[in-house]
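Source file: input22.cif. Holds: mmCIF, C-alpha atoms.
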data_final
loop_
_atom_site.label_atom_id
_atom_site.label_comp_id
_atom_site.auth_asym_id
_atom_site.auth_seq_id
_atom_site.Cartn_x
_atom_site.Cartn_y
_atom_site.Cartn_z
CA ALA M 1 21.89 14.92 -7.34
CA LEU M 2 19.08 16.95 -5.85
CA PHE M 3 15.76 15.19 -5.30
CA ILE M 4 12.52 17.05 -4.77
CA ILE M 5 10.42 14.89 -2.49
CA TYR M 6 6.70 15.37 -1.93
CA ARG M 7 5.82 14.76 1.70
CA VAL M 8 2.24 14.02 2.66
CA SER M 9 1.12 15.74 5.83
CA GLN M 10 -0.82 13.89 8.52
CA LYS M 11 -3.85 16.08 7.78
CA GLU M 12 -3.80 15.04 4.10
CA MET M 13 -3.51 11.38 5.09
CA GLU M 14 -6.53 11.73 7.41
CA ASN M 15 -8.55 13.23 4.56
CA THR M 16 -7.86 10.23 2.31
CA LYS M 17 -10.07 7.68 4.07
CA ASP M 18 -11.79 7.22 0.72
CA ALA M 19 -10.40 4.19 -1.10
CA GLY M 20 -10.26 6.21 -4.31
CA ALA M 21 -8.45 9.26 -2.95
CA THR M 22 -4.70 9.66 -3.02
CA PRO M 23 -2.57 11.43 -0.44
CA GLY M 24 -2.22 15.04 -1.49
CA ASP M 25 -5.42 14.93 -3.55
CA ALA M 26 -7.89 14.87 -0.67
CA GLY M 27 -11.48 14.63 -1.81
CA ARG M 28 -10.72 13.75 -5.42
CA GLU M 29 -11.37 10.29 -6.80
CA LEU M 30 -8.44 8.39 -8.27
CA LYS M 31 -9.16 7.36 -11.86
CA ILE M 32 -6.72 4.79 -13.22
CA GLU M 33 -6.99 4.50 -16.98
CA THR M 34 -3.81 2.55 -17.78
CA ASN M 35 -1.37 0.15 -16.17
CA GLN M 36 1.57 2.48 -16.84
CA ILE M 37 2.90 4.87 -14.20
CA ASN M 38 5.34 7.64 -15.13
CA VAL M 39 7.51 8.13 -12.06
CA SER M 40 8.75 11.61 -11.22
CA ASN M 41 11.19 12.77 -8.56
CA ARG M 42 8.63 15.30 -7.33
CA ARG M 43 6.86 12.68 -5.19
CA ASN M 44 8.31 10.01 -2.93
CA GLU M 45 8.31 6.24 -3.27
CA ALA M 46 5.43 5.83 -0.77
CA PHE M 47 3.13 7.69 -3.16
CA TYR M 48 4.10 5.44 -6.07
CA GLU M 49 3.75 2.33 -3.92
CA TYR M 50 0.21 3.44 -3.05
CA LEU M 51 -0.57 4.23 -6.69
CA ALA M 52 0.87 0.88 -7.81
CA LYS M 53 -1.33 -1.01 -5.33
CA ARG M 54 -4.40 0.78 -6.68
CA THR M 55 -3.31 0.03 -10.25
CA LEU M 56 -2.70 -3.65 -9.50
CA GLU M 57 -6.25 -3.89 -8.13
CA GLN M 58 -7.50 -3.17 -11.66
CA TYR M 59 -4.76 -4.63 -13.86
CA GLU M 60 -2.82 -7.89 -13.79
CA ASP M 61 0.48 -6.18 -14.58
CA LEU M 62 2.10 -2.80 -13.98
CA VAL M 63 4.77 -0.85 -15.86
CA LEU M 64 6.83 1.83 -14.07
CA HIS M 65 8.59 4.32 -16.36
CA ALA M 66 11.26 6.52 -14.80
CA LEU M 67 13.48 9.10 -16.46
CA GLY M 68 16.78 10.39 -15.08
CA ASN M 69 16.89 10.88 -11.31
CA ALA M 70 13.43 9.33 -10.83
CA THR M 71 14.91 5.87 -11.43
CA ASN M 72 15.90 5.61 -7.75
CA ILE M 73 12.33 6.28 -6.66
CA SER M 74 10.89 3.69 -9.06
CA ILE M 75 13.38 1.05 -7.89
CA VAL M 76 12.54 1.61 -4.22
CA ALA M 77 8.78 1.57 -4.92
CA ALA M 78 9.05 -1.65 -6.96
CA GLU M 79 11.21 -3.31 -4.32
CA LYS M 80 8.71 -2.42 -1.57
CA LEU M 81 5.88 -3.95 -3.63
CA VAL M 82 7.86 -7.16 -4.17
CA ARG M 83 9.09 -7.46 -0.57
CA ASN M 84 5.60 -6.94 0.84
CA GLY M 85 4.10 -9.60 -1.44
CA TYR M 86 1.98 -7.38 -3.68
CA ALA M 87 3.88 -7.96 -6.93
CA GLU M 88 6.59 -9.99 -8.66
CA TYR M 89 9.24 -8.81 -11.09
CA VAL M 90 8.65 -9.65 -14.75
CA LYS M 91 11.21 -7.50 -16.54
CA MET M 92 13.55 -4.61 -15.89
CA HIS M 93 15.42 -2.80 -18.65
CA THR M 94 16.95 0.54 -19.53
CA GLU M 95 16.85 2.73 -22.61
CA THR M 96 18.51 5.95 -23.66
CA VAL M 97 15.97 8.47 -24.91
CA GLU M 98 16.27 11.93 -26.41
CA VAL M 99 14.29 14.65 -24.69
CA GLU M 100 14.08 18.40 -25.09
CA GLU M 101 16.12 20.25 -22.51
CA THR M 102 13.89 22.14 -20.10
CA ARG M 103 14.18 25.88 -19.68
CA ARG M 104 15.03 25.49 -16.01
CA ARG M 105 18.36 23.95 -16.90
CA ARG M 106 19.30 26.23 -19.76
CA PRO M 107 17.78 29.63 -20.49
CA SER M 108 16.28 29.58 -23.96
CA GLN M 109 17.01 32.26 -26.53
CA SER M 110 13.92 33.35 -28.44
CA ASN M 111 15.32 32.32 -31.85
CA GLU M 112 16.84 28.99 -30.74
CA ALA M 113 15.20 25.62 -31.20
CA PRO M 114 15.07 23.51 -28.01
CA ARG M 115 18.21 21.43 -27.58
CA LYS M 116 17.88 17.63 -27.49
CA VAL M 117 19.67 15.79 -24.70
CA LYS M 118 19.95 12.07 -23.93
CA ARG M 119 18.56 10.73 -20.66
CA ALA M 120 18.49 7.27 -19.08
CA LYS M 121 15.06 5.67 -18.85
CA LEU M 122 14.29 2.71 -16.61
CA ILE M 123 11.28 0.51 -17.31
CA ILE M 124 10.19 -1.96 -14.62
CA THR M 125 7.41 -4.44 -15.36
CA LEU M 126 5.68 -6.09 -12.41
CA LYS M 127 2.82 -8.56 -12.22
CA ARG M 128 0.28 -9.03 -9.48
CA SER M 129 1.38 -11.70 -6.99
CA ALA M 130 -0.70 -14.82 -6.43
CA ASN M 131 -1.70 -13.70 -2.91
CA PHE M 132 -2.25 -10.03 -3.79
CA LYS M 133 -5.90 -9.93 -2.71
CA GLU M 134 -5.13 -11.46 0.71
CA ASN M 135 -2.27 -9.00 1.26
CA ILE M 136 -4.43 -6.01 0.30
CA SER M 137 -7.28 -7.12 2.58
CA GLN M 138 -4.80 -7.61 5.46
CA PHE M 139 -3.31 -4.16 4.75
CA ASN M 140 -6.77 -2.55 4.75
CA LYS M 141 -7.67 -4.31 8.02
CA ILE M 142 -4.52 -2.99 9.71
CA LYS M 143 -5.09 0.46 8.23
CA ASP M 144 -8.66 0.53 9.60
CA MET M 145 -7.47 -0.61 13.04
CA ASN M 146 -4.84 2.12 13.06
CA GLN M 147 -7.39 4.71 11.98
CA SER M 148 -9.82 3.72 14.73
CA TYR M 149 -6.97 3.86 17.27
CA MET M 150 -5.99 7.33 16.04
CA ASP M 151 -9.63 8.49 16.24
CA LYS M 152 -9.94 7.22 19.84
CA GLU M 153 -6.64 8.86 20.75
CA LYS M 154 -7.76 12.14 19.21
CA LEU M 155 -11.05 12.04 21.13
CA SER M 156 -9.28 11.33 24.42
CA ARG M 157 -6.86 14.22 23.86
CA GLU M 158 -9.73 16.56 23.03
CA ALA M 159 -11.55 15.45 26.20
CA GLU M 160 -8.41 16.12 28.27
CA THR M 161 -8.00 19.64 26.86
CA LYS M 162 -11.64 20.50 27.63
CA LYS M 163 -11.19 19.65 31.32
#
Show this structure as C-alpha cells.
Amino acid sequence: ALFIIYRVSQKEMENTKDAGATPGDAGRELKIETNQINVSNRRNEAFYEYLAKRTLEQYEDLVLHALGNATNISIVAAEKLVRNGYAEYVKMHTETVEVEETRRRRPSQSNEAPRKVKRAKLIITLKRSANFKENISQFNKIKDMNQSYMDKEKLSREAETKK
C-alpha cells in the first residue's frame, strides 16, 4: 500500500508559535467545531496527534474516523495520545461502508454512474485523561524551552557568520 505522508518543514513549525495555528497552516487560526476528526493518509500521525490534543482541550472526548489506508495513521496517533497520558481508550470498532469510487482509481465514462465500492472504516473513541491538563502544561513548558534554545542557537550562528 502506498501512503502519502505530509511532512512539516522546520520553517512551518517555527511559524506556528501561535497556540491556534497548525503545522502547515502558518498564520491561520485553528477553529475546532466538533470532537470528530476524519483521518486521511495525506498527513502523518504527528499532525493528527497535535490536532487531537487541541480538540481534547475543548471537548471531553474525541472520535477518530479513518477510512481504508488511513486506519494505520489513526491507530498510531491514538496510541501516542494514550502512551503519553493525554487520553484513554473508550471504544474501538470497525464498519464496512460503501463509497463512490474516485476517478483516480478508475477513469469514469461520461454516461456511467459512479461505481460503489466497500471500504473498511475504523472508529476510535478516546476520552481526556484525568491528568490531561498537567501533561499539556508540561508539554508546553518543554516546547517553550526548546524554542528559546533554538532561538539562542540561531542568534549565535548568525553572529558567527557575520564575523
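Among the candidates M:Val90, M:Val76, M:Ala130, M:Leu51, the one nearest to Asn38 of chain M when counting all atoms listed in the file is M:Leu51.
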Which residue is closest to Glu101 of chain M? Choose from M:Ser148, M:Asn41, M:Gln36, M:Arg119 and count all atoms listed in the file. M:Arg119
Which polymer residues have any atom within 8 Å of an atom of Glu98 of chain M, counting only C-alpha atoms, with same-chain residues fewer than 5 positions away left out, as a PyMOL selection string? chain M and resi 116-119
Tell me which of M:Ser40, M:Thr34, M:Asn140, M:Asn146 sits closest to His65 of chain M, counting only C-alpha atoms. M:Ser40
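A straight line drawn from atom CA of Met92 of chain M to atom CA of Glu79 of chain M is 11.9 Å long.
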Atom pair atom CA of Tyr50 of chain M / atom CA of Tyr89 of chain M: separation (Å):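 Straight-line distance from atom CA of Tyr50 of chain M to atom CA of Tyr89 of chain M works out to 17.2 Å.
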Could you list the residues chosen by the PyMOL selection byres ((chain M and resi 134-138) around 12) in this structure as a PyMOL selection string? chain M and resi 19+50+52-54+56-57+81-87+128-133+139-145
Same residues, C-alpha atoms, output as a PDB file, in the frame of the given file:
ATOM      1  CA  ALA M  19     -10.400   4.190  -1.100  1.00  0.00           C
ATOM      2  CA  TYR M  50       0.210   3.440  -3.050  1.00  0.00           C
ATOM      3  CA  ALA M  52       0.870   0.880  -7.810  1.00  0.00           C
ATOM      4  CA  LYS M  53      -1.330  -1.010  -5.330  1.00  0.00           C
ATOM      5  CA  ARG M  54      -4.400   0.780  -6.680  1.00  0.00           C
ATOM      6  CA  LEU M  56      -2.700  -3.650  -9.500  1.00  0.00           C
ATOM      7  CA  GLU M  57      -6.250  -3.890  -8.130  1.00  0.00           C
ATOM      8  CA  LEU M  81       5.880  -3.950  -3.630  1.00  0.00           C
ATOM      9  CA  VAL M  82       7.860  -7.160  -4.170  1.00  0.00           C
ATOM     10  CA  ARG M  83       9.090  -7.460  -0.570  1.00  0.00           C
ATOM     11  CA  ASN M  84       5.600  -6.940   0.840  1.00  0.00           C
ATOM     12  CA  GLY M  85       4.100  -9.600  -1.440  1.00  0.00           C
ATOM     13  CA  TYR M  86       1.980  -7.380  -3.680  1.00  0.00           C
ATOM     14  CA  ALA M  87       3.880  -7.960  -6.930  1.00  0.00           C
ATOM     15  CA  ARG M 128       0.280  -9.030  -9.480  1.00  0.00           C
ATOM     16  CA  SER M 129       1.380 -11.700  -6.990  1.00  0.00           C
ATOM     17  CA  ALA M 130      -0.700 -14.820  -6.430  1.00  0.00           C
ATOM     18  CA  ASN M 131      -1.700 -13.700  -2.910  1.00  0.00           C
ATOM     19  CA  PHE M 132      -2.250 -10.030  -3.790  1.00  0.00           C
ATOM     20  CA  LYS M 133      -5.900  -9.930  -2.710  1.00  0.00           C
ATOM     21  CA  PHE M 139      -3.310  -4.160   4.750  1.00  0.00           C
ATOM     22  CA  ASN M 140      -6.770  -2.550   4.750  1.00  0.00           C
ATOM     23  CA  LYS M 141      -7.670  -4.310   8.020  1.00  0.00           C
ATOM     24  CA  ILE M 142      -4.520  -2.990   9.710  1.00  0.00           C
ATOM     25  CA  LYS M 143      -5.090   0.460   8.230  1.00  0.00           C
ATOM     26  CA  ASP M 144      -8.660   0.530   9.600  1.00  0.00           C
ATOM     27  CA  MET M 145      -7.470  -0.610  13.040  1.00  0.00           C
TER      28      MET M 145
END
On this structure, which residues satisfy the PyMOL selection byres ((chain M and resi 97) around 12), written as a list in words? Ala66, Leu67, Gly68, Thr94, Glu95, Thr96, Glu98, Val99, Glu100, Lys116, Val117, Lys118, Arg119, Ala120, Lys121, Leu122 and Ile123 of chain M
Quick one, how far is atom CA of Arg42 of chain M from atom CA of Met150 of chain M?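 Here the two named atoms are 28.7 Å from each other.
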Each side padded by 8 Å, which centre and which edge lengths in Å (one decimal) define the axis-aligned box around the listed atoms of segment 65-76 of chain M? Give them as AutoDock Vina command-line options.
--center_x 12.7 --center_y 6.0 --center_z -10.3 --size_x 24.3 --size_y 25.8 --size_z 28.2
Of the residues M:Lys127, M:Lys80, M:Lys162, M:Lys152, which is the one nearest to Glu60 of chain M, using all atoms listed in the file? M:Lys127
I'd like the residues picked by the PyMOL selection byres ((chain M and resi 32) around 10) written out as a VMD selection string, using the chain letters and numbers from the file. chain M and resid 20 29 to 31 33 to 37 51 54 to 55 58 to 59
